[in-house]
Amino acid sequence: MKNIYLIKTLISFLALANFSGGVYAACTLSTPSTTINADCGPLVVNSSQTILDINARISGNPAVDQLAFDVTNFNVNTGGAIIGTSIGLRNEYGITTLNNSGTIQATNATGRAILNQGPVGVVGYIGTINNTGTIQGGTSAGGVGISSSNNSDIIGTINNSGVISGRVGIDNSGTISTITNTGTITGGIQNFGSSASIGTINNGQDGLAYNGKLPTNYNVIITPSGYGKMTVSGSGSSSTNFGVYQGATFDMGSKTYTSVLSGVGISSVNASTQTGTYGGGLFRTNWTLSANANNANQLDLTSNTQALTPNTNTASGNNLGSAVIAGASGSSGTTTTLANGTTLAAAAQALTASQADQLSSVHAEGYSSNMTIGLEQMAHITNTVMDRIHNPLSNRAGTSTAYEMDQGKYLWVDAAAVKGTVNSYDGLGGFGYNLYDAVIGGDIMRDSSGGLGLYAGAGYTTMTEPAQVSQNFNTTNYYAGLYGGKYLPYNFKLSGALGYMYGETNASRNNPNVGLFTGGTANSNYGTNGVYGAFKFSRPFQASESLTLTPYIGASYSQLWMGQANESGGNDFSYNISNATAYTTVTFVGGEFIMPLTGAVKNPMSLVGFYRFGYDWFANSAYAHSITANSNKFGSFTQVGADMGPALNLAGLGVQGNITNRLSGRIGVVGSANTNGWQIGGGGELKWAL
């Protein structure tokens with residue numbers, strides 16, 4: 001009797017194990033967000049579960065019986081599996097997203113791996129199926145990989161780069177919006193039923209079978225390694241719109257892609273979609289779909305692809321476009337992969353004219369423009385320190401009220417802020433900028449023949465309001481140098497300054513997505529070194545007891561060396577900027593005046609001002625302010641930045657006077673009108689007589 005009891009117990013256990021789909025315990029779900037890592041038996045999901053992440057083998061019949069409508073994301077990871085007998089995964093209500101990189105399988109010959117079937121009165125809904133793994137149904141009649149059974153059931157999108165297999169790969173009686181197939185669908189696609197509808201099929205599989213009413217749109221996927229071919233049966237009188245899927249890579253020149261559609265004649269393709277143009281930005285492909293001369297039910301695609309001359313409306317965008325064309329047309333164009341997995345050739349050929357125009361918003365011209373700002377700051381420093389040694393007018397300094405009093409050596413501090421704008425011109429992008437400077441200096445030698453001094457300071461610049469690229473360049477500069485003056489016969493004076501500047505720049509460029517190219521914020525930091533020098537030859541004239549005029553001529557030179565900048569974060573538009581040099585040579589002529597504002601006292605408050613006309617001999621030379629950007633996606637290209645232009649009209653007005661016996665000050669405004677821009681600013685100075 002005891003043995004009989006043990007046998008009965010064992011039989012009951014085996015029966016229970018068989019009912020449960022194996023010897024595993026039933027899966028337990030205790031929280032709304034659940035990860036299953038341990039192998040288990042039947043899995044039933046109710047409305048309290050919202051995310052399932054399956055890394056284990058789940059078996060049973062069915063493995064998943066129902067899911068809550070419109071709340072659930074479902075992930076079957078690599079190594080994970082859902083295996084049922086007649087049904088692998090059954091959806092009765094709703095799955096928002098089903099990601100499968102493992103296996104979903106029905107083991108019966110007539111089994112369905114995924115069944116989307118709502119109960120009476122309920123729509124079975126799956127928003128998106130992303131399959132990079134295996135979805136395997138049975139191989140006999142009734143065996144289906146993905147089945148949407150009722151007329152009212154809906155699947156939004158099926159993206160397949162893995163394998164979907166069964167006697168029929170995808171069987172639709174309801175509505176499927178889009179199927180994009182870059183993998184394999186064994187058994188093909190079936191679209192039958194009074195309400196059966198497939199919106200769009202994008203196909204890259206050679207040998208995809210299709211049975212039933214044609215999809216509204218059929219787009220062929222063309223890659224360097226092959227292209228889609230679909231064989232149709234049972235289509236009746238239905239028709240489709242033909243097109244080329246975005247991201248195609250055509251062979252350059254003329255090419256015929258045979259049998260892109262078979263089993264239907266050209267009349268099954270709507271006439272307005274039998275010809276078309278692809279791209280049109282950097283490349284243009286004109287294509288025609290027509291019946292094969294030897295088989296009316298075989299449709300062939302002929303194409304002609306040519307590179308275009310970039311026309312992005314900006315010089316830097318055109319240079320970038322030329323680099324993209326060269327890279328896409330080269331031997332690595334079909335092997336260079338962009339951030340989204342698309343190849344360079346595919347992304348470049350897909351650009352429309354309006355998308356190609358967007359290359360003007362992702363170029364690297366800003367690095368050259370920022371060198372222009374650096375040159376402007378060195379010019380500003382030169383103007384600040386160059387004329388610090390003052391020569392009394394003849395021997396009348398002690399009695400004249402019209403010229404600045406000379407009390408020997410000075411210690412001084414100067415601060416200024418300038419706002420500037422460079423206009424867009426010749427396709428180059430304009431920009432705004434701000435300059436801030438603080439300088440301290442002092443005379444180290446003064447005698448009757450002249451003097452010499454030292455100075456040091458710091459400054460800060462920002463690039464603002466870019467016309468083309470949304471970007472920020474912020475630079476902190478440090479500088480030091482010498483200034484001096486030499487008294488010459490007949491009241492002439494030679495003034496000059498030399499200096500060195502070191503800068504640290506933080507740059508960011510906000511790149512949008514351009515077609516299939518992925519943007520992002522490209523960040524970099526780099527150093528700059530600069531040298532500058534200037535001289536001025538002047539002679540004061542006592543125009544009256546209350547007015548002194550000082551005409552002058554002079555010249556200045558500035559050169560900036562930019563260190564290498566390596567961007568990150570910009571995805572397809574991250575660049576490495578090579579070392580670059582910018583320089584400028586300016587000759588100028590002008591005059592200044594000083595006029596007391598009070599009566600004949602020893603130290604009157606005076607009105608001071610100046611005007612200068614200058615000419616930059618390298619402003620129109622691209623090689624004097626250009627940079628080379630290097631992309632690991634599409635090679636190198638040159639970017640020339642805008643500058644202030646050759647002609648400079650600079651003027652200033654202020655007041656100066658003694659604050660105490662040995663302390664004097666000056667405050668004023670300055671502005672310039674240049675060929676390609678303007679500046680306005682102000683500053684002040686304090687001087688202590690030592």
# chains A, B, ... in the order shown; residues from 1 in each chain; ligands from 1
call {"tool": "select_by_dssp", "arguments": {"residues": "range 75-214 of chain A", "states": "strand (DSSP E or B)", "output": "ChimeraX atom specification"}}
result
/A:75-76,81-84,87-91,94-100,103-106,112-116,125-131,134-136,144-148,154-160,163-165,168-172,175-181,184-185,189-191,197-203,206-212
call {"tool": "residues_around", "arguments": {"residues": "range 245-262 of chain A", "least_positions_apart": "5", "cutoff": "6 Å", "atoms": "only C-alpha atoms", "output": "ChimeraX atom specification"}}
result
/A:219-223,229-231,297-305,346-347,350
call {"tool": "write_last_selection", "arguments": {"atoms": "N, CA and C atoms", "output": "PDB file, in the first residue's frame"}}
result
ATOM      1  N   ASN A 219       8.339  50.638 -49.826  1.00  0.00           N
ATOM      2  CA  ASN A 219       9.615  51.320 -50.034  1.00  0.00           C
ATOM      3  C   ASN A 219      10.739  50.296 -50.033  1.00  0.00           C
ATOM      4  N   VAL A 220      11.580  50.351 -51.040  1.00  0.00           N
ATOM      5  CA  VAL A 220      12.704  49.441 -51.132  1.00  0.00           C
ATOM      6  C   VAL A 220      13.872  50.017 -50.339  1.00  0.00           C
ATOM      7  N   ILE A 221      14.538  49.156 -49.576  1.00  0.00           N
ATOM      8  CA  ILE A 221      15.744  49.520 -48.837  1.00  0.00           C
ATOM      9  C   ILE A 221      16.944  49.093 -49.665  1.00  0.00           C
ATOM     10  N   ILE A 222      17.838  50.036 -49.934  1.00  0.00           N
ATOM     11  CA  ILE A 222      19.023  49.773 -50.755  1.00  0.00           C
ATOM     12  C   ILE A 222      20.257  50.030 -49.902  1.00  0.00           C
ATOM     13  N   THR A 223      21.121  49.037 -49.780  1.00  0.00           N
ATOM     14  CA  THR A 223      22.367  49.166 -49.031  1.00  0.00           C
ATOM     15  C   THR A 223      23.525  48.797 -49.951  1.00  0.00           C
ATOM     16  N   LYS A 229      13.806  42.784 -52.326  1.00  0.00           N
ATOM     17  CA  LYS A 229      12.996  42.232 -53.417  1.00  0.00           C
ATOM     18  C   LYS A 229      11.771  41.573 -52.782  1.00  0.00           C
ATOM     19  N   MET A 230      10.582  41.919 -53.257  1.00  0.00           N
ATOM     20  CA  MET A 230       9.360  41.350 -52.707  1.00  0.00           C
ATOM     21  C   MET A 230       8.540  40.723 -53.825  1.00  0.00           C
ATOM     22  N   THR A 231       8.125  39.471 -53.604  1.00  0.00           N
ATOM     23  CA  THR A 231       7.307  38.739 -54.559  1.00  0.00           C
ATOM     24  C   THR A 231       5.882  38.676 -54.046  1.00  0.00           C
ATOM     25  N   ASN A 297       5.463  41.231 -65.293  1.00  0.00           N
ATOM     26  CA  ASN A 297       5.215  41.135 -63.857  1.00  0.00           C
ATOM     27  C   ASN A 297       6.504  41.183 -63.037  1.00  0.00           C
ATOM     28  N   GLN A 298       7.537  41.736 -63.625  1.00  0.00           N
ATOM     29  CA  GLN A 298       8.784  42.000 -62.901  1.00  0.00           C
ATOM     30  C   GLN A 298       9.084  43.488 -63.036  1.00  0.00           C
ATOM     31  N   LEU A 299       9.171  44.183 -61.917  1.00  0.00           N
ATOM     32  CA  LEU A 299       9.405  45.619 -61.930  1.00  0.00           C
ATOM     33  C   LEU A 299      10.837  45.910 -61.503  1.00  0.00           C
ATOM     34  N   ASP A 300      11.540  46.668 -62.346  1.00  0.00           N
ATOM     35  CA  ASP A 300      12.937  47.017 -62.109  1.00  0.00           C
ATOM     36  C   ASP A 300      13.063  48.509 -61.799  1.00  0.00           C
ATOM     37  N   LEU A 301      14.066  48.828 -61.000  1.00  0.00           N
ATOM     38  CA  LEU A 301      14.334  50.218 -60.628  1.00  0.00           C
ATOM     39  C   LEU A 301      15.641  50.663 -61.272  1.00  0.00           C
ATOM     40  N   THR A 302      15.588  51.717 -62.077  1.00  0.00           N
ATOM     41  CA  THR A 302      16.806  52.288 -62.654  1.00  0.00           C
ATOM     42  C   THR A 302      17.079  53.627 -61.972  1.00  0.00           C
ATOM     43  N   SER A 303      18.363  53.912 -61.734  1.00  0.00           N
ATOM     44  CA  SER A 303      18.721  55.134 -61.012  1.00  0.00           C
ATOM     45  C   SER A 303      19.940  55.781 -61.640  1.00  0.00           C
ATOM     46  N   ASN A 304      20.067  57.077 -61.414  1.00  0.00           N
ATOM     47  CA  ASN A 304      21.257  57.820 -61.808  1.00  0.00           C
ATOM     48  C   ASN A 304      21.602  58.764 -60.674  1.00  0.00           C
ATOM     49  N   THR A 305      22.785  58.578 -60.074  1.00  0.00           N
ATOM     50  CA  THR A 305      23.194  59.322 -58.884  1.00  0.00           C
ATOM     51  C   THR A 305      24.410  60.171 -59.197  1.00  0.00           C
ATOM     52  N   ALA A 346      25.090  56.721 -46.878  1.00  0.00           N
ATOM     53  CA  ALA A 346      23.621  56.708 -46.821  1.00  0.00           C
ATOM     54  C   ALA A 346      23.086  58.041 -46.315  1.00  0.00           C
ATOM     55  N   ALA A 347      23.699  58.583 -45.264  1.00  0.00           N
ATOM     56  CA  ALA A 347      23.222  59.848 -44.704  1.00  0.00           C
ATOM     57  C   ALA A 347      23.428  60.996 -45.672  1.00  0.00           C
ATOM     58  N   ALA A 350      20.969  60.963 -48.603  1.00  0.00           N
ATOM     59  CA  ALA A 350      19.581  61.204 -48.215  1.00  0.00           C
ATOM     60  C   ALA A 350      19.266  62.673 -47.986  1.00  0.00           C
TER      61      ALA A 350
END
call {"tool": "atom_distance", "arguments": {"atom1": "CA of Asn241 in chain A", "atom2": "CA of Ser272 in chain A"}}
result
8.1 Å
call {"tool": "residues_around", "arguments": {"residues": "Asn313 in chain A", "least_positions_apart": "3", "cutoff": "8 Å", "atoms": "only C-alpha atoms", "output": "VMD selection string"}}
result
chain A and resid 317 to 318 357 360 427
call {"tool": "residues_around", "arguments": {"residues": "range 460-467 of chain A", "least_positions_apart": "5", "cutoff": "7 Å", "atoms": "only C-alpha atoms", "output": "ChimeraX atom specification"}}
result
/A:429-437,472-477
call {"tool": "write_last_selection", "arguments": {"atoms": "C-alpha atoms", "output": "compact mmCIF listing (two decimals), in the first residue's frame"}}
result
# COMPACT_ATOMS: atom_id res chain seq x y z
CA GLY A 429 28.67 84.24 -40.18
CA GLY A 430 28.48 87.43 -38.16
CA PHE A 431 28.70 87.45 -34.39
CA GLY A 432 28.69 89.68 -31.37
CA TYR A 433 31.36 89.84 -28.70
CA ASN A 434 32.24 91.45 -25.40
CA LEU A 435 35.72 92.45 -24.22
CA TYR A 436 36.70 93.18 -20.63
CA ASP A 437 40.17 94.34 -19.56
CA ASN A 472 29.56 80.00 -26.92
CA PHE A 473 33.26 80.85 -26.79
CA ASN A 474 34.54 82.25 -23.49
CA THR A 475 38.22 83.18 -23.14
CA THR A 476 40.23 84.33 -20.15
CA ASN A 477 43.41 86.16 -21.17
call {"tool": "residues_around", "arguments": {"residues": "Phe588 in chain A", "least_positions_apart": "3", "cutoff": "7 Å", "atoms": "only C-alpha atoms", "output": "compact mmCIF listing (two decimals) with C-alpha atoms, in the first residue's frame"}}
result
# COMPACT_ATOMS: atom_id res chain seq x y z
CA ILE A 553 50.80 108.23 -37.48
CA GLY A 554 51.68 104.69 -36.55
CA ALA A 555 51.42 100.96 -37.13
CA ARG A 612 41.94 107.52 -35.79
CA PHE A 613 41.65 106.01 -39.23
CA GLY A 614 43.32 102.65 -39.66
CA TYR A 615 43.72 100.05 -42.39
call {"tool": "closest_residue", "arguments": {"among": "A:Gly118, A:Gly641, A:Gly169, A:Gly212", "to": "Ala141 in chain A", "atoms": "only C-alpha atoms"}}
result
A:Gly169
call {"tool": "decode", "arguments": {"residues": "range 267-347 of chain A", "atoms": "C-alpha atoms", "output": "compact mmCIF listing (two decimals), in the first residue's frame"}}
result
# COMPACT_ATOMS: atom_id res chain seq x y z
CA SER A 267 -0.39 49.14 -63.19
CA SER A 268 -0.36 48.00 -59.55
CA VAL A 269 1.91 50.95 -58.73
CA ASN A 270 0.24 54.34 -58.63
CA ALA A 271 1.43 56.37 -61.62
CA SER A 272 2.60 59.38 -59.58
CA THR A 273 5.07 57.16 -57.68
CA GLN A 274 6.67 55.40 -60.67
CA THR A 275 9.39 58.08 -60.90
CA GLY A 276 11.04 60.21 -58.27
CA THR A 277 14.05 62.12 -56.98
CA TYR A 278 15.99 61.06 -53.92
CA GLY A 279 18.13 63.45 -51.89
CA GLY A 280 18.88 66.63 -53.78
CA GLY A 281 21.09 68.29 -51.16
CA LEU A 282 24.63 66.98 -51.69
CA PHE A 283 23.69 64.15 -54.05
CA ARG A 284 20.75 63.80 -56.41
CA THR A 285 19.34 60.46 -57.55
CA ASN A 286 16.71 60.38 -60.28
CA TRP A 287 14.97 57.01 -60.39
CA THR A 288 12.31 55.25 -62.47
CA LEU A 289 10.31 52.09 -61.77
CA SER A 290 9.30 50.19 -64.91
CA ALA A 291 8.30 46.74 -66.13
CA ASN A 292 11.08 44.46 -67.28
CA ALA A 293 11.21 44.19 -71.07
CA ASN A 294 10.99 40.38 -70.88
CA ASN A 295 8.54 40.01 -67.99
CA ALA A 296 5.63 42.38 -67.44
CA ASN A 297 5.21 41.13 -63.86
CA GLN A 298 8.78 42.00 -62.90
CA LEU A 299 9.40 45.62 -61.93
CA ASP A 300 12.94 47.02 -62.11
CA LEU A 301 14.33 50.22 -60.63
CA THR A 302 16.81 52.29 -62.65
CA SER A 303 18.72 55.13 -61.01
CA ASN A 304 21.26 57.82 -61.81
CA THR A 305 23.19 59.32 -58.88
CA GLN A 306 25.43 62.40 -59.10
CA ALA A 307 27.25 64.55 -56.56
CA LEU A 308 26.23 68.22 -56.49
CA THR A 309 28.13 71.42 -55.79
CA PRO A 310 27.16 72.39 -52.23
CA ASN A 311 24.86 75.40 -52.07
CA THR A 312 24.16 75.97 -48.37
CA ASN A 313 24.15 79.78 -48.64
CA THR A 314 27.24 80.06 -46.42
CA ALA A 315 30.92 79.68 -47.21
CA SER A 316 31.67 77.48 -44.19
CA GLY A 317 28.60 75.33 -44.79
CA ASN A 318 29.73 74.81 -48.39
CA ASN A 319 33.22 73.77 -47.24
CA LEU A 320 31.68 71.32 -44.79
CA GLY A 321 29.36 70.01 -47.51
CA SER A 322 32.30 69.45 -49.88
CA ALA A 323 34.05 67.43 -47.18
CA VAL A 324 30.93 65.30 -46.62
CA ILE A 325 30.66 64.65 -50.38
CA ALA A 326 34.33 63.64 -50.60
CA GLY A 327 34.04 61.33 -47.61
CA ALA A 328 30.78 59.77 -48.78
CA SER A 329 32.11 59.21 -52.30
CA GLY A 330 35.38 57.67 -51.12
CA SER A 331 36.23 54.07 -50.37
CA SER A 332 35.26 54.44 -46.70
CA GLY A 333 31.90 56.11 -47.35
CA THR A 334 29.96 52.86 -47.03
CA THR A 335 31.94 51.59 -44.03
CA THR A 336 32.11 54.74 -41.91
CA THR A 337 29.30 54.50 -39.37
CA LEU A 338 27.52 57.50 -37.91
CA ALA A 339 26.13 57.82 -34.39
CA ASN A 340 22.75 56.29 -35.29
CA GLY A 341 24.29 53.32 -37.12
CA THR A 342 23.72 54.76 -40.60
CA THR A 343 26.69 54.89 -42.95
CA LEU A 344 28.15 58.18 -44.09
CA ALA A 345 27.23 57.48 -47.72
CA ALA A 346 23.62 56.71 -46.82
CA ALA A 347 23.22 59.85 -44.70
